[in-house]
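**Student:** Pasting entry-v1.txt here (compact mmCIF, C-alpha atoms and all ligand atoms):
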# COMPACT_ATOMS: atom_id res chain seq x y z
CA MET A 1 -10.76 36.43 -12.01
CA ASN A 2 -8.74 34.23 -9.65
CA GLN A 3 -6.12 36.07 -7.64
CA ILE A 4 -3.64 33.17 -7.72
CA ILE A 5 -3.60 29.84 -9.55
CA ILE A 6 -1.22 27.11 -8.44
CA ILE A 7 -0.46 24.46 -11.07
CA GLY A 8 0.12 21.02 -9.52
CA ALA A 9 -1.17 19.44 -6.30
CA GLY A 10 2.10 17.76 -5.32
CA LEU A 11 3.77 18.62 -2.02
CA SER A 12 5.10 21.96 -3.26
CA GLY A 13 1.77 23.23 -4.64
CA LEU A 14 -0.11 22.06 -1.57
CA VAL A 15 2.35 23.83 0.76
CA THR A 16 1.89 27.08 -1.20
CA ALA A 17 -1.91 26.72 -1.09
CA TYR A 18 -1.80 25.98 2.66
CA GLU A 19 0.48 28.96 3.42
CA LEU A 20 -1.68 31.34 1.34
CA LYS A 21 -4.81 30.06 3.07
CA LYS A 22 -3.21 30.83 6.46
CA MET A 23 -2.54 34.39 5.18
CA GLY A 24 -6.17 34.72 4.01
CA ILE A 25 -5.18 34.93 0.31
CA PRO A 26 -7.48 32.92 -2.02
CA ALA A 27 -5.82 30.47 -4.42
CA LEU A 28 -7.07 27.75 -6.75
CA VAL A 29 -4.98 24.60 -7.43
CA LEU A 30 -5.20 22.89 -10.85
CA GLU A 31 -3.99 19.27 -10.86
CA ALA A 32 -3.64 17.07 -13.95
CA ARG A 33 -4.02 13.68 -12.25
CA SER A 34 -7.17 12.32 -10.67
CA ARG A 35 -5.31 12.11 -7.34
CA TYR A 36 -3.35 14.46 -5.05
CA GLY A 37 0.32 14.18 -4.09
CA GLY A 38 2.30 13.90 -7.35
CA ARG A 39 5.52 12.05 -6.58
CA ILE A 40 4.18 11.19 -3.11
CA TRP A 41 1.96 8.16 -3.42
CA THR A 42 1.22 5.59 -0.74
CA LEU A 43 -0.81 2.54 -1.78
CA LYS A 44 -2.45 0.00 0.53
CA GLY A 45 -1.16 -3.53 0.00
CA GLU A 46 -3.83 -5.97 -1.18
CA GLY A 47 -2.80 -8.52 1.46
CA ARG A 48 -2.87 -6.68 4.80
CA GLY A 49 -3.36 -3.07 3.79
CA THR A 50 0.32 -2.35 4.52
CA PRO A 51 1.14 1.26 3.56
CA LEU A 52 3.43 0.85 0.53
CA GLU A 53 5.35 3.85 -0.76
CA MET A 54 5.52 4.02 -4.53
CA GLY A 55 7.14 7.47 -4.37
CA ALA A 56 8.87 9.56 -1.67
CA THR A 57 9.64 7.64 1.52
CA TRP A 58 12.65 8.72 3.62
CA PHE A 59 13.98 11.92 5.14
CA GLY A 60 16.56 12.88 7.75
CA ASP A 61 16.97 15.38 10.59
CA LYS A 62 18.70 17.75 8.15
CA HIS A 63 15.38 18.18 6.31
CA GLN A 64 14.19 20.89 8.67
CA HIS A 65 11.54 22.48 6.42
CA LEU A 66 9.79 19.14 6.04
CA ILE A 67 10.13 18.29 9.74
CA GLY A 68 8.80 21.73 10.70
CA LEU A 69 5.73 21.14 8.52
CA LEU A 70 5.14 17.65 9.96
CA LEU A 71 5.31 19.06 13.50
CA GLU A 72 2.97 21.94 12.62
CA LEU A 73 0.40 19.54 11.12
CA GLY A 74 0.78 16.94 13.88
CA VAL A 75 1.92 14.27 11.38
CA ARG A 76 4.11 11.71 13.21
CA TYR A 77 7.17 9.89 11.91
CA PHE A 78 9.38 6.97 12.95
CA ASP A 79 12.82 5.53 12.18
CA GLN A 80 13.52 3.20 9.26
CA HIS A 81 14.29 -0.30 10.61
CA SER A 82 17.89 -1.28 9.81
CA ARG A 83 19.05 -3.57 12.65
CA GLY A 84 20.52 -6.94 11.67
CA ILE A 85 22.55 -8.45 8.85
CA ALA A 86 22.60 -6.53 5.57
CA LEU A 87 23.46 -8.13 2.24
CA LEU A 88 25.60 -7.17 -0.72
CA GLU A 89 25.03 -9.12 -3.94
CA SER A 90 27.63 -8.46 -6.61
CA MET A 91 26.96 -11.43 -8.95
CA SER A 92 23.72 -13.31 -9.59
CA PHE A 93 25.44 -16.75 -9.47
CA ALA A 94 27.42 -16.17 -6.20
CA PRO A 95 25.98 -15.93 -2.68
CA ALA A 96 25.54 -12.44 -1.30
CA GLN A 97 28.08 -11.12 1.21
CA ARG A 98 26.77 -10.44 4.71
CA PHE A 99 27.69 -7.39 6.79
CA GLU A 100 26.43 -5.45 9.83
CA LEU A 101 25.24 -1.95 9.08
CA PRO A 102 26.89 0.53 11.46
CA GLU A 103 24.42 2.09 13.91
CA SER A 104 23.51 5.16 11.87
CA GLU A 105 24.27 8.45 13.62
CA GLU A 106 21.54 10.04 11.55
CA PRO A 107 18.63 7.64 11.17
CA TYR A 108 16.29 7.94 8.24
CA HIS A 109 12.63 8.52 9.06
CA ARG A 110 9.31 7.50 7.51
CA ILE A 111 5.87 9.04 7.98
CA LEU A 112 3.40 7.04 10.08
CA GLY A 113 0.69 5.59 7.84
CA GLY A 114 2.77 6.51 4.77
CA SER A 115 3.89 9.75 3.11
CA SER A 116 0.36 10.34 1.77
CA THR A 117 -0.66 11.09 5.38
CA LEU A 118 1.13 14.43 4.95
CA VAL A 119 -0.72 15.08 1.68
CA LYS A 120 -4.08 14.28 3.35
CA ALA A 121 -3.28 16.61 6.26
CA LEU A 122 -2.58 19.46 3.83
CA ILE A 123 -5.74 18.78 1.79
CA GLY A 124 -7.75 18.85 5.03
CA ARG A 125 -6.42 22.36 5.78
CA ILE A 126 -6.72 23.69 2.19
CA GLY A 127 -10.18 22.22 1.46
CA GLU A 128 -10.94 20.01 -1.56
CA ASP A 129 -13.13 22.80 -3.00
CA ASN A 130 -9.98 24.78 -3.70
CA ILE A 131 -8.43 22.05 -5.88
CA ARG A 132 -9.53 20.87 -9.34
CA LEU A 133 -8.34 17.33 -10.10
CA GLY A 134 -8.20 15.95 -13.67
CA THR A 135 -7.27 19.39 -15.01
CA PRO A 136 -4.05 19.25 -17.04
CA VAL A 137 -2.88 22.76 -17.93
CA GLU A 138 -1.96 23.07 -21.61
CA GLU A 139 -1.36 26.78 -22.14
CA ILE A 140 -0.35 29.87 -20.16
CA ARG A 141 -1.09 33.09 -22.04
CA GLU A 142 -0.38 36.69 -21.08
CA GLN A 143 -3.39 38.99 -21.15
CA PRO A 144 -4.01 42.51 -19.82
CA GLY A 145 -3.86 42.46 -16.00
CA GLY A 146 -2.74 38.84 -15.68
CA LEU A 147 -2.64 35.42 -17.27
CA LEU A 148 -5.11 33.12 -18.97
CA ILE A 149 -4.56 29.47 -18.15
CA THR A 150 -6.18 26.92 -20.44
CA ALA A 151 -6.65 23.30 -19.41
CA ARG A 152 -7.25 20.21 -21.58
CA GLY A 153 -10.76 20.38 -23.02
CA GLY A 154 -10.51 24.18 -23.38
CA LYS A 155 -11.67 25.35 -19.95
CA GLU A 156 -10.09 28.73 -19.17
CA TYR A 157 -8.89 30.04 -15.82
CA PRO A 158 -8.03 33.75 -15.81
CA CYS A 159 -5.80 34.85 -12.91
CA ARG A 160 -3.62 37.73 -11.80
CA PHE A 161 -0.64 35.52 -10.86
CA ALA A 162 0.26 31.85 -11.30
CA VAL A 163 2.70 29.48 -9.60
CA SER A 164 3.83 26.45 -11.61
CA THR A 165 5.09 23.54 -9.53
CA LEU A 166 5.71 21.24 -12.51
CA PRO A 167 9.25 19.90 -12.74
CA PRO A 168 10.86 22.55 -15.00
CA GLY A 169 11.68 20.05 -17.77
CA LEU A 170 8.08 18.82 -17.86
CA LEU A 171 6.79 22.40 -17.91
CA ALA A 172 9.02 23.29 -20.87
CA LYS A 173 7.99 20.17 -22.79
CA THR A 174 4.26 19.97 -22.12
CA VAL A 175 2.89 23.50 -21.59
CA ARG A 176 2.58 26.15 -24.33
CA PHE A 177 3.51 29.75 -23.49
CA THR A 178 2.01 32.68 -25.37
CA PRO A 179 4.09 34.68 -26.05
CA ALA A 180 6.92 32.12 -26.03
CA LEU A 181 9.34 32.22 -23.10
CA PRO A 182 12.89 33.45 -23.78
CA PRO A 183 14.92 30.59 -25.29
CA GLU A 184 17.57 30.78 -22.49
CA ILE A 185 15.07 29.97 -19.72
CA LEU A 186 13.23 27.38 -21.86
CA GLY A 187 16.56 25.69 -22.62
CA LEU A 188 17.54 25.70 -18.94
CA MET A 189 14.18 24.21 -17.95
CA ALA A 190 14.46 21.48 -20.60
CA GLN A 191 17.94 20.60 -19.27
CA THR A 192 16.79 20.22 -15.65
CA HIS A 193 16.60 16.70 -14.32
CA THR A 194 13.33 15.56 -12.69
CA TRP A 195 14.50 13.72 -9.60
CA MET A 196 13.63 10.00 -9.47
CA SER A 197 11.38 10.17 -12.52
CA GLU A 198 13.15 7.15 -14.10
CA SER A 199 12.74 5.05 -10.91
CA VAL A 200 10.89 1.77 -10.64
CA LYS A 201 9.79 1.08 -7.07
CA PHE A 202 8.45 -2.28 -5.89
CA ALA A 203 6.91 -3.72 -2.73
CA VAL A 204 6.24 -7.29 -1.65
CA GLU A 205 3.87 -7.82 1.27
CA TYR A 206 4.24 -10.76 3.72
CA ASP A 207 2.22 -12.09 6.65
CA LYS A 208 5.30 -12.01 8.92
CA PRO A 209 8.77 -10.41 8.92
CA PHE A 210 10.57 -13.74 8.34
CA TRP A 211 13.82 -11.93 7.46
CA ARG A 212 13.97 -10.35 10.93
CA GLU A 213 13.39 -13.80 12.50
CA HIS A 214 16.56 -15.00 10.72
CA GLY A 215 18.63 -12.01 11.85
CA PHE A 216 18.39 -10.05 8.59
CA ALA A 217 17.75 -6.30 8.58
CA GLY A 218 15.85 -6.56 5.30
CA THR A 219 18.48 -4.30 3.74
CA ALA A 220 20.21 -5.53 0.58
CA TYR A 221 22.22 -3.85 -2.15
CA SER A 222 22.67 -5.61 -5.47
CA GLN A 223 24.66 -5.12 -8.65
CA ALA A 224 23.08 -8.30 -10.03
CA GLY A 225 19.47 -7.10 -10.00
CA PRO A 226 16.75 -6.68 -10.95
CA ALA A 227 16.28 -5.16 -7.45
CA THR A 228 19.20 -2.82 -6.76
CA GLU A 229 18.20 -1.77 -3.23
CA ILE A 230 15.87 -3.51 -0.78
CA TYR A 231 14.65 -2.36 2.66
CA ASP A 232 12.33 -3.48 5.44
CA HIS A 233 8.96 -1.74 4.99
CA THR A 234 7.14 -2.87 8.14
CA ASN A 235 4.58 -0.36 9.39
CA PHE A 236 5.10 1.64 12.60
CA GLU A 237 2.73 -0.57 14.61
CA GLU A 238 4.65 -3.69 13.43
CA THR A 239 1.41 -5.37 12.38
CA ALA A 240 1.92 -5.34 8.59
CA PHE A 241 5.08 -6.41 6.80
CA ALA A 242 6.77 -5.84 3.48
CA LEU A 243 10.08 -5.61 1.71
CA LYS A 244 10.46 -2.77 -0.70
CA GLY A 245 13.01 -1.06 -2.86
CA PHE A 246 14.09 -0.06 -6.33
CA LEU A 247 14.46 -2.03 -9.54
CA SER A 248 17.03 -1.07 -12.17
CA ALA A 249 15.55 1.54 -14.53
CA GLY A 250 15.65 -0.91 -17.46
CA ALA A 251 13.05 -3.09 -15.68
CA ALA A 252 10.39 -0.58 -16.81
CA GLN A 253 10.64 -2.17 -20.29
CA LEU A 254 9.58 -5.62 -18.95
CA LYS A 255 6.02 -6.86 -18.35
CA GLU A 256 4.84 -6.64 -14.72
CA ASP A 257 4.52 -10.45 -14.48
CA ASP A 258 8.13 -10.86 -15.59
CA ARG A 259 9.34 -8.23 -13.14
CA ARG A 260 7.45 -9.96 -10.30
CA GLU A 261 8.92 -13.35 -11.12
CA MET A 262 12.47 -11.99 -11.29
CA VAL A 263 12.13 -10.03 -8.04
CA LEU A 264 10.75 -13.04 -6.15
CA ARG A 265 13.55 -15.24 -7.44
CA GLN A 266 16.07 -12.68 -6.18
CA LEU A 267 14.35 -12.34 -2.78
CA VAL A 268 14.40 -16.14 -2.34
CA LYS A 269 18.10 -16.18 -3.14
CA LEU A 270 18.79 -13.37 -0.64
CA PHE A 271 16.41 -14.16 2.25
CA GLY A 272 15.44 -17.81 1.80
CA LEU A 273 12.46 -19.86 0.57
CA GLU A 274 9.92 -18.05 2.76
CA ALA A 275 10.28 -15.07 0.43
CA ALA A 276 8.26 -16.99 -2.18
CA ASN A 277 5.25 -17.09 0.16
CA TYR A 278 4.09 -13.51 -0.40
CA LEU A 279 0.69 -11.83 0.03
CA SER A 280 0.90 -9.21 -2.69
CA TYR A 281 3.35 -7.67 -5.18
CA ILE A 282 3.23 -4.23 -6.71
CA ASP A 283 5.66 -2.08 -8.64
CA TRP A 284 5.56 1.33 -10.25
CA PRO A 285 7.66 2.47 -13.23
CA TRP A 286 7.54 6.28 -12.94
CA ALA A 287 8.97 6.72 -16.45
CA LEU A 288 5.51 5.70 -17.76
CA GLU A 289 3.80 8.59 -15.88
CA PRO A 290 3.25 11.49 -18.30
CA PHE A 291 2.63 13.97 -15.47
CA THR A 292 6.03 13.25 -13.92
CA HIS A 293 8.46 12.02 -16.56
CA HIS A 294 9.43 13.31 -19.99
CA ASN A 295 12.23 12.36 -22.32
CA TYR A 296 15.30 14.56 -22.39
CA ASN A 297 17.16 15.83 -25.43
CA GLY A 298 20.29 13.75 -24.83
CA TYR A 299 22.06 12.70 -21.63
CA ILE A 300 21.24 14.48 -18.39
CA LEU A 301 22.98 14.20 -15.00
CA PRO A 302 21.05 13.43 -11.81
CA HIS A 303 20.03 16.78 -10.21
CA GLN A 304 21.31 18.70 -13.24
CA ASN A 305 20.35 22.41 -12.89
CA SER A 306 18.39 21.71 -9.69
CA GLY A 307 17.98 24.96 -7.73
CA HIS A 308 19.37 27.13 -10.56
CA PRO A 309 19.14 30.81 -9.45
CA ALA A 310 17.26 31.71 -12.67
CA PHE A 311 14.26 29.75 -11.34
CA SER A 312 13.74 32.35 -8.60
CA ARG A 313 12.96 35.10 -11.13
CA PRO A 314 9.30 35.48 -12.25
CA LEU A 315 8.43 35.17 -15.95
CA MET A 316 5.73 36.63 -18.21
CA ASN A 317 6.02 40.22 -16.94
CA GLY A 318 6.26 39.17 -13.31
CA ARG A 319 3.03 37.14 -13.46
CA LEU A 320 4.34 33.54 -13.49
CA PHE A 321 6.43 32.08 -10.65
CA LEU A 322 8.36 28.81 -10.93
CA SER A 323 8.25 26.50 -7.94
CA GLY A 324 8.47 22.75 -7.21
CA THR A 325 11.34 20.83 -5.65
CA GLU A 326 13.66 21.13 -8.66
CA THR A 327 13.64 24.94 -8.22
CA SER A 328 14.52 24.83 -4.52
CA PRO A 329 17.78 26.48 -3.41
CA GLU A 330 18.25 23.62 -0.88
CA PHE A 331 17.61 19.89 -1.14
CA GLY A 332 16.28 20.21 -4.69
CA GLY A 333 14.61 16.98 -5.78
CA TYR A 334 13.63 15.93 -2.27
CA MET A 335 10.48 16.41 -0.19
CA ASP A 336 12.33 19.04 1.85
CA GLY A 337 13.04 21.00 -1.33
CA ALA A 338 9.37 20.73 -2.29
CA VAL A 339 8.36 22.22 1.06
CA LEU A 340 10.96 25.01 0.86
CA SER A 341 9.99 25.93 -2.72
CA GLY A 342 6.32 25.94 -1.65
CA LEU A 343 7.06 28.31 1.25
CA LEU A 344 9.15 30.64 -0.94
CA ALA A 345 6.46 30.77 -3.67
CA ALA A 346 3.79 31.66 -1.09
CA ASP A 347 5.95 34.48 0.28
CA ARG A 348 6.70 35.79 -3.22
CA VAL A 349 3.06 35.97 -4.36
CA ALA A 350 1.83 37.22 -0.98
CA LEU A 351 3.99 40.35 -1.38
CA LEU A 352 2.32 41.34 -4.68
C1 LIG B 401 10.16 6.78 -6.85
C2 LIG B 401 10.45 8.02 -6.08
C3 LIG B 401 11.07 7.94 -4.86
C4 LIG B 401 11.35 9.09 -4.11
N1 LIG B 401 11.93 8.96 -2.88
C5 LIG B 401 12.13 10.07 -2.12
C6 LIG B 401 12.57 9.95 -0.77
O1 LIG B 401 12.74 8.83 -0.25
N2 LIG B 401 12.77 11.09 -0.07
C7 LIG B 401 12.54 12.34 -0.60
O2 LIG B 401 12.73 13.35 0.11
N3 LIG B 401 12.08 12.48 -1.87
C8 LIG B 401 11.87 11.38 -2.62
N4 LIG B 401 11.36 11.51 -3.89
C9 LIG B 401 11.17 12.86 -4.44
C10 LIG B 401 9.87 13.51 -3.93
O3 LIG B 401 8.80 12.66 -4.27
C11 LIG B 401 9.71 14.88 -4.56
O4 LIG B 401 10.79 15.72 -4.17
C12 LIG B 401 8.42 15.64 -4.18
O5 LIG B 401 7.33 14.81 -3.98
C13 LIG B 401 8.18 16.66 -5.29
O6 LIG B 401 7.04 17.45 -5.02
P1 LIG B 401 6.65 18.60 -6.06
O7 LIG B 401 5.34 19.13 -5.63
O8 LIG B 401 7.79 19.54 -6.23
O9 LIG B 401 6.53 17.85 -7.47
P2 LIG B 401 5.47 16.73 -7.94
O10 LIG B 401 5.16 15.83 -6.82
O11 LIG B 401 6.01 16.14 -9.19
O12 LIG B 401 4.15 17.59 -8.23
C14 LIG B 401 3.88 18.18 -9.47
C15 LIG B 401 2.39 18.04 -9.70
O13 LIG B 401 2.05 18.66 -10.94
C16 LIG B 401 1.09 17.85 -11.60
N5 LIG B 401 1.13 18.16 -13.05
C17 LIG B 401 2.00 17.73 -13.99
N6 LIG B 401 1.70 18.25 -15.19
C18 LIG B 401 0.61 19.06 -15.00
C19 LIG B 401 -0.17 19.90 -15.86
N7 LIG B 401 0.12 20.05 -17.15
N8 LIG B 401 -1.23 20.55 -15.31
C20 LIG B 401 -1.54 20.43 -13.98
N9 LIG B 401 -0.83 19.66 -13.13
C21 LIG B 401 0.25 19.00 -13.63
C22 LIG B 401 1.53 16.45 -11.29
O14 LIG B 401 0.50 15.51 -11.49
C23 LIG B 401 1.93 16.58 -9.82
O15 LIG B 401 0.86 16.34 -8.95
C24 LIG B 401 11.03 10.38 -4.63
C25 LIG B 401 10.39 10.46 -5.88
C26 LIG B 401 10.09 9.30 -6.59
C27 LIG B 401 9.39 9.40 -7.92
Do you think you could lay out the structure here as structure tokens?
Ligand SMILES: Cc1cc2nc3c(=O)[nH]c(=O)nc-3n(C[C@H](O)[C@H](O)[C@H](O)COP(=O)(O)OP(=O)(O)OC[C@H]3O[C@@H](n4cnc5c(N)ncnc54)[C@H](O)[C@@H]3O)c2cc1C

**Tutor:**
Amino acid sequence: MNQIIIIGAGLSGLVTAYELKKMGIPALVLEARSRYGGRIWTLKGEGRGTPLEMGATWFGDKHQHLIGLLLELGVRYFDQHSRGIALLESMSFAPAQRFELPESEEPYHRILGGSSTLVKALIGRIGEDNIRLGTPVEEIREQPGGLLITARGGKEYPCRFAVSTLPPGLLAKTVRFTPALPPEILGLMAQTHTWMSESVKFAVEYDKPFWREHGFAGTAYSQAGPATEIYDHTNFEETAFALKGFLSAGAAQLKEDDRREMVLRQLVKLFGLEAANYLSYIDWPWALEPFTHHNYNGYILPHQNSGHPAFSRPLMNGRLFLSGTETSPEFGGYMDGAVLSGLLAADRVALL
């Protein structure tokens, strides 16, 4: 029987596994996807291999749990480039307004090599042998002395304690509990927003930062769309260049070719003709990812029920602990919240 099973190899689950390993407590991580990292996912651009963030990207000095972890693991970070003229586009048929961004007192940071560098550093410490990829958990059942976790295909994993790091709404919708969880906690979980799960991120790679050469920061905000926010995404070494940002959530309904065409048209309008001369384009509609997003019963507010105190209480006779960024008492939804929830879950199960 496993002592502890952690469900999910996103940042939160990996932090718990890493902390338990440091304490000498064995734990097995079950991950549904065929990759690590969950909502952290850095791709290499097809043009120049530019690290392109499809998920989590930025953090600030206030995110001390994350920064502490980066320092401990020796993972370096650098400031987001924002010098130059920024743009505000309010109508598609009118030119964008230009403005200077104030020198930010609190710069936003990015991880060198991409956010997946942090995930790789954690995997290196935990050991791949302690993680099973391609193992979606379907049922958590109480049994004498612990829990029985069943994955797709029927493989069973008995354990004394389990930590779920699934966004609470996803857990309530996609995992069966035997016996059923109390309706109050199930209802609360189902009404908890999964941060950024409706986002569509895009990146366009270039062979040079032509926007910088014309005095632009690469930053643009738009109410005309389809891109609503755009930022410079040059790598730390300043050898690989890209613009990246968010598309309006409705863009997920379009075909990728149509999205690409619309984004390039907008970039040409904002930054000039050179924007059409790109090396590669990629975008990622997270709402199509079944191991991140689920549909809600009705309207839900951003961050709704994030960090609810009920998430800190174990379920199933004290055997099942809820973790993951949406359960974090601070910075729920963000990488920092994922780290904090991972640390708290490790401390809770280590005391048992
Ligand atoms: C587009 C986007 C942009 C973002 N930008 C930022 C940012 O700039 N800054 C910031 O701080 N945060 C950002 N975030 C949020 C950040 O990514 C999350 O806070 C953090 O990665 C969450 O980690 P987690 O481990 O709690 O959850 P997740 O990363 O969601 O991990 C949960 C894991 O559980 C797995 N799983 C799901 N179902 C099952 C199952 N049935 N069985 C087994 N495993 C399962 C999933 O595959 C996943 O690996 C962004 C997120 C997105 C999507």

**Student:** Identify, counting only C-alpha atoms and all ligand atoms, the protein, DNA and RNA residues located within 7 Å of ligand LIG 401 (chain B), and give them as a PyMOL selection string.

**Tutor:** chain A and resi 7-13+30-33+36-40+54-59+135-138+165-167+170+174-175+195-197+199-201+286+291-292+324-326+333-338

**Student:** Here is a test: counting all atoms listed in the file, which residue of A:Ala190, A:Ala227, A:Leu273, A:Leu352 is nearest to Asn297 (chain A)?

**Tutor:** A:Ala190

**Student:** Measuring between all atoms listed in the file, which one of A:Phe161, A:Phe271, A:Phe241, A:Tyr281 shows the shortest distance to Trp211 (chain A)?

**Tutor:** A:Phe271

**Student:** From the options A:Pro102, A:His193, A:Thr219, A:Phe177, which residue's atoms come nearest to Tyr299 (chain A), counting only C-alpha atoms?

**Tutor:**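 Among A:Pro102, A:His193, A:Thr219, A:Phe177, it is A:His193 that comes nearest to Tyr299 (chain A).
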
**Student:** Skipping near chain neighbours, those fewer than 3 positions away, what residues fall within 12 Å of Ala276 (chain A) using only C-alpha atoms, listed as a PDB file with C-alpha atoms, in the frame of the given file?

**Tutor:**
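Heads up, here's the output in selection-v1.pdb:
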ATOM      1  CA  VAL A 204       6.240  -7.290  -1.650  1.00  0.00           C
ATOM      2  CA  GLU A 205       3.870  -7.820   1.270  1.00  0.00           C
ATOM      3  CA  TYR A 206       4.240 -10.760   3.720  1.00  0.00           C
ATOM      4  CA  ASP A 207       2.220 -12.090   6.650  1.00  0.00           C
ATOM      5  CA  PHE A 210      10.570 -13.740   8.340  1.00  0.00           C
ATOM      6  CA  ARG A 260       7.450  -9.960 -10.300  1.00  0.00           C
ATOM      7  CA  GLU A 261       8.920 -13.350 -11.120  1.00  0.00           C
ATOM      8  CA  MET A 262      12.470 -11.990 -11.290  1.00  0.00           C
ATOM      9  CA  VAL A 263      12.130 -10.030  -8.040  1.00  0.00           C
ATOM     10  CA  LEU A 264      10.750 -13.040  -6.150  1.00  0.00           C
ATOM     11  CA  ARG A 265      13.550 -15.240  -7.440  1.00  0.00           C
ATOM     12  CA  GLN A 266      16.070 -12.680  -6.180  1.00  0.00           C
ATOM     13  CA  LEU A 267      14.350 -12.340  -2.780  1.00  0.00           C
ATOM     14  CA  VAL A 268      14.400 -16.140  -2.340  1.00  0.00           C
ATOM     15  CA  LYS A 269      18.100 -16.180  -3.140  1.00  0.00           C
ATOM     16  CA  LEU A 270      18.790 -13.370  -0.640  1.00  0.00           C
ATOM     17  CA  PHE A 271      16.410 -14.160   2.250  1.00  0.00           C
ATOM     18  CA  GLY A 272      15.440 -17.810   1.800  1.00  0.00           C
ATOM     19  CA  LEU A 273      12.460 -19.860   0.570  1.00  0.00           C
ATOM     20  CA  LEU A 279       0.690 -11.830   0.030  1.00  0.00           C
ATOM     21  CA  SER A 280       0.900  -9.210  -2.690  1.00  0.00           C
ATOM     22  CA  TYR A 281       3.350  -7.670  -5.180  1.00  0.00           C
TER      23      TYR A 281
END

**Student:** If I take CA of Asn305 (chain A) and CA of Tyr108 (chain A), how far is one from the other in Å, to one decimal?

**Tutor:**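 These atoms are spaced 25.9 Å apart.
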
**Student:** Rank nothing, just name the residue among A:Leu52, A:Val349, A:Met1, A:Ile123 nearest to Tyr157 (chain A), using all atoms listed in the file.

**Tutor:**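 Smallest separation from Tyr157 (chain A) among the options: A:Met1.
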
**Student:** Could you tell me which of A:Arg160, A:Arg132, A:His63, A:His214 comes closest to Glu274 (chain A) if we count only C-alpha atoms?

**Tutor:**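 Looking only at the distances to Glu274 (chain A), the closest residue turns out to be A:His214.
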
**Student:** Out of A:Gly127, A:Pro209, A:Pro51, A:Gly134, which residue has the shortest atom-to-atom distance to Ala27 (chain A) when counting all atoms listed in the file?

**Tutor:**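 Using all atoms listed in the file, Ala27 (chain A) sits closest to A:Gly127.
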
**Student:** Using only C-alpha atoms, which protein or nucleic acid residues come within 8 Å of Gly84 (chain A)? Drop anything in the same chain fewer than 2 positions from it, and give the result as a list in words.

**Tutor:** Ser82, Ala86, Glu100, Leu101, Arg212, Gly215, Phe216, Ala217 and Gly218 of chain A

**Student:** Please, what distance in Å, to one decimal, runs between CA of Leu70 (chain A) and CA of Leu118 (chain A)?

**Tutor:**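 So the answer is 7.2 Å.
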